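Structure, as structure tokens:
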Amino acid sequence: MNKKNVAGEFGKYQMRQFLLHILAGGTAGVHMLSLVTVAATPDHRCLVDGVESAFNATYNDPDMRQYIPVVDGEFDSCHLYDSNNDTITCNQWVYDNQYYRSSRVIDWNMICDHRWMAAVSQSVFMFGVFTGAVVLGSLADRFGRKTIFCLSGLLQLILGVSVAFFSEYYSFLFMRYLLGIFGSAGAYITGFVLTMELVGPSKRTICGISFQASFALGVMLVALWGALIGDRVMLQVVYGLHSLLIIPHFWIMDESPRWLWSQGRIHEAVSIVERAAKINGQDAPDRAFYVSRGMSGMRTKEEMELNTPKAGIIDLVRTPNLRAKTLNCALNWFANSIVYYGLSLNTGKLLGNPYLMLFIVGLVEWPSYIATVLLMDRTGRRSLISSTMLLGGFACLLAVFIPNGKFLLVTFKGLNRYC
């Protein structure tokens, strides 16, 4: 069925559905970066027991310099002097509350010897994203894009809100894992696929890149809400409530007509295309013709499937040519992801207002997406990705030699995000 000619490449109908799909990009960005604020690590130093109390201690108390080692003008985060003037580790801390008055790190002291706890909580989330991409992608092929999209939207709402109230670390990790599956994989991936299967070829570049722009908007929302809400429980609840935007999709979003057609649900697919053509002002398709064509095609497909082995993931590495392309794409994705999330999740370590830094990190992506839309179909994929990765890598190398706090450092890290 040639839906492009029947309903048009990108009319009012595709625009309405696309705007529904792209909301999943924004919620994915919120859930992905939520720990940057909810589990932020403020500057900290040891509490000097017997000299100060946890209730009235202040981080920048200059009198504490005689009790705590000073490194590069800053308090040592994890050590203090004992009565013999030897350096020892401490088990109580004072946090700088200039920007963060509440966070998971503060509540659970996920610093010094326990800083692995904060790293694991984000790693578990990313493993959930990996699980969701593999499992939910396959389930979307079997049960439908809309089914998995709406299920993921409901579960990311429930998980995103409820994770705020878990006070036990390992239960929190399990909830973060589930949130990774449904919060940043399920709805985002199926929403992207729904759009790609609905719009015409000439609009797929801009629509696909718009999903990334929506993700960046989610990052900026993380910064905005973090600056406005000081309590980490309420902040996480607000992040989770963003998924309310996806709940109405069950009633107002259509299934992919291409998926319905491939599953033999011809009448449903034709009905959606008829509605799309009507909204777009196109002539209604010949229903009888397309239903007959679809039924005939299904019989041909069944005959071919009986005589042709099913393709699987192993086919991506079966031949030398395809194996090289698969590994190349995987390596590119790995390199981009490790740099992108490495910079995103560590914006709090830049000197200055961490909320402003995070907001800028999201904002700086938008010009890059505009440039990509303008250049990709003109220059080709290979030259564009090669040049931007080289430029981004060069910016990363230069950033290593620039002291923290310098404007130039922020500039080079922003350039890397741009690439």
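To be explicit about the labels: the chains of the structure tokens are called A, B, and onward in the order shown, and within each one the residues are counted from 1, while ligands get numbers from 1 in the order they are shown.
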Which residues are close to range 160-171 of chain A, i.e. within 6 Å by only C-alpha atoms, leaving aside same-chain residues fewer than 6 positions away? Reply as a ChimeraX atom specification. /A:233,236-237,240
Output file for the residues above (N, CA, C and O atoms, as a JSON list (two decimals), in the first residue's frame):
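Written output follows (part_13.json):
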[["chain", "number", "residue", "atom", "x", "y", "z"],
["A", 233, "VAL", "N", 12.51, 15.07, 47.04],
["A", 233, "VAL", "CA", 11.33, 14.20, 46.88],
["A", 233, "VAL", "C", 10.31, 14.87, 45.97],
["A", 233, "VAL", "O", 9.83, 14.28, 45.00],
["A", 236, "GLN", "N", 11.55, 15.01, 42.33],
["A", 236, "GLN", "CA", 11.39, 13.77, 41.59],
["A", 236, "GLN", "C", 9.93, 13.53, 41.22],
["A", 236, "GLN", "O", 9.63, 13.03, 40.13],
["A", 237, "VAL", "N", 9.02, 13.88, 42.11],
["A", 237, "VAL", "CA", 7.59, 13.75, 41.79],
["A", 237, "VAL", "C", 7.23, 14.60, 40.59],
["A", 237, "VAL", "O", 6.52, 14.15, 39.68],
["A", 240, "GLY", "N", 8.49, 12.98, 37.49],
["A", 240, "GLY", "CA", 7.64, 11.84, 37.12],
["A", 240, "GLY", "C", 6.32, 12.26, 36.52],
["A", 240, "GLY", "O", 5.80, 11.61, 35.60]]
If DSSP is run on the backbone, what residues of range 175-406 of chain A are helix (DSSP H, G or I)? A reply as a ChimeraX atom specification would be ideal. /A:175-198,201-228,232-246,249-252,257-262,266-279,287-307,313-317,320-344,347-349,354-363,365-379,381-400
Can you tell me, as a PyMOL selection string, what residues are no more than 8 Å from range 371-382 of chain A when counting only C-alpha atoms, ignoring any on the same chain fewer than 5 positions away? chain A and resi 205-206+209
Skipping near chain neighbours, those fewer than 3 positions away, what residues fall within 12 Å of Leu316 in chain A using only C-alpha atoms, listed as an MDAnalysis selection string? chainID A and resid 311:313 319:330
So which residues touch Ala213 in chain A within 9 Å, counting only C-alpha atoms, skipping near sequence neighbours fewer than 2 positions away, as a list of chain:residue names?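 My list of contacting residues is A:Gly25, A:Gly26, A:Ile209, A:Ser210, A:Phe211, A:Phe215, A:Ala216, A:Leu217, A:Gly218, A:Gly362, A:Glu365, A:Trp366, A:Tyr369.
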